[in-house]
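**Student:** I'd like to ask some things about the structure below.
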Amino acid sequence: MYDVRIHREALKSYHRLEKELQIKVDEAVEKLKVNPWRRDLDAKKLHGEYKGYYRLRIGEVRLIYMVDRENSLVFIDALVHRGGAYK
């Protein structure tokens, strides 16, 4: 089981989402806690300046996170609309 930590700005973004989308994000975070590499997650490894991060697609929202295997930690760095996810 992984511990999930959320960056303060990602948490603010979460609270601005519609309730329906918040529920989907909650479900995705629960799946990340169990196994961040689940095949049923729409996650992809990022490259370039985002090397080491993953993105998880949840509808129009992108959850950007990093996994620390040694400490069993998932750090959610950002939760942004897909248009501004990589800026």
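The chains in the structure tokens are called A, B, ... from first to last as shown; in each chain the residues are counted from 1, and the ligands are counted from 1 in the order shown.
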Please provide as a CSV table (one decimal) with N, CA and C atoms, in the first residue's frame all residues within 9 Å of Ala43 in chain A, with the sequence filter that same-chain residues fewer than 3 positions apart are discarded (counting only C-alpha atoms).

**Tutor:**
```csv
chain,number,residue,atom,x,y,z
A,36,PRO,N,0.4,2.0,-8.1
A,36,PRO,CA,0.5,3.1,-9.1
A,36,PRO,C,0.7,2.6,-10.5
A,37,TRP,N,0.9,1.3,-10.7
A,37,TRP,CA,1.2,0.9,-12.1
A,37,TRP,C,0.1,0.0,-12.6
A,38,ARG,N,-1.1,0.1,-12.1
A,38,ARG,CA,-2.3,-0.7,-12.5
A,38,ARG,C,-2.5,-0.5,-14.0
A,39,ARG,N,-2.9,-1.5,-14.7
A,39,ARG,CA,-3.2,-1.4,-16.1
A,39,ARG,C,-4.5,-0.7,-16.4
A,40,ASP,N,-5.4,-0.7,-15.4
A,40,ASP,CA,-6.7,-0.1,-15.7
A,40,ASP,C,-6.7,1.4,-15.4
A,54,TYR,N,4.5,10.9,-13.9
A,54,TYR,CA,3.5,10.2,-14.7
A,54,TYR,C,2.3,11.1,-14.8
A,55,ARG,N,1.5,10.9,-15.8
A,55,ARG,CA,0.2,11.6,-15.9
A,55,ARG,C,-0.9,10.6,-15.9
A,56,LEU,N,-1.9,11.0,-15.2
A,56,LEU,CA,-3.1,10.1,-15.2
A,56,LEU,C,-4.3,10.9,-15.7
A,57,ARG,N,-4.9,10.4,-16.8
A,57,ARG,CA,-6.0,11.1,-17.4
A,57,ARG,C,-7.3,10.7,-16.7
```

**Student:** Just the residues within 9 Å of Ala28 in chain A, please, counting only C-alpha atoms, with nothing from its chain fewer than 5 positions along; format it as a short mmCIF file (atom, residue, chain, number, x, y, z; two decimals) with N, CA and C atoms, in the first residue's frame.

**Tutor:**
```
data_model
loop_
_atom_site.label_atom_id
_atom_site.label_comp_id
_atom_site.auth_asym_id
_atom_site.auth_seq_id
_atom_site.Cartn_x
_atom_site.Cartn_y
_atom_site.Cartn_z
N ILE A 23 -15.23 12.97 -7.41
CA ILE A 23 -15.45 11.55 -7.11
C ILE A 23 -14.56 10.67 -7.97
N LYS A 33 -3.11 4.28 -4.55
CA LYS A 33 -2.66 3.82 -3.24
C LYS A 33 -2.35 2.33 -3.26
N LEU A 41 -5.52 1.96 -15.05
CA LEU A 41 -5.36 3.40 -14.95
C LEU A 41 -4.86 3.92 -16.30
N LEU A 56 -1.94 10.96 -15.22
CA LEU A 56 -3.12 10.11 -15.16
C LEU A 56 -4.28 10.92 -15.73
N ILE A 58 -8.02 11.74 -16.27
CA ILE A 58 -9.32 11.57 -15.63
C ILE A 58 -10.27 12.55 -16.32
#
```

**Student:** Name all residues at most 12 Å from Val34 in chain A (count only C-alpha atoms; drop same-chain ones fewer than 2 positions away) and give them as a PyMOL selection string.

**Tutor:** chain A and resi 1-4+27-32+36-38+41+72-74

**Student:** What does the distance from CA of Leu46 in chain A to CA of Lys19 in chain A come to in Å, to one decimal?

**Tutor:**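 Computing the Euclidean distance for CA of Leu46 in chain A and CA of Lys19 in chain A yields 27.8 Å.
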
**Student:** Compile the contact shell of Met66 in chain A as a count of residues only: residues with an atom at most 8 Å away, counting only C-alpha atoms, same-chain residues fewer than 6 positions apart removed.

**Tutor:** 7

**Student:** Which of these residues is nearest to Glu18 in chain A, using only C-alpha atoms: A:Asn35, A:Tyr50, A:Lys44, A:Val61?

**Tutor:**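 Once distances to Glu18 in chain A are computed over only C-alpha atoms, the minimum belongs to A:Val61.
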
**Student:** Which of these residues is nearest to Tyr14 in chain A, using only C-alpha atoms: A:Glu70, A:Lys51, A:Leu79, A:Asp42?

**Tutor:**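 Once distances to Tyr14 in chain A are computed over only C-alpha atoms, the minimum belongs to A:Leu79.
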
**Student:** Would you work out the distance separating CA of Gly59 in chain A from CA of Val25 in chain A, expressed in Å to one decimal?

**Tutor:**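 Interatomic distance, CA of Gly59 in chain A to CA of Val25 in chain A: 9.5 Å.
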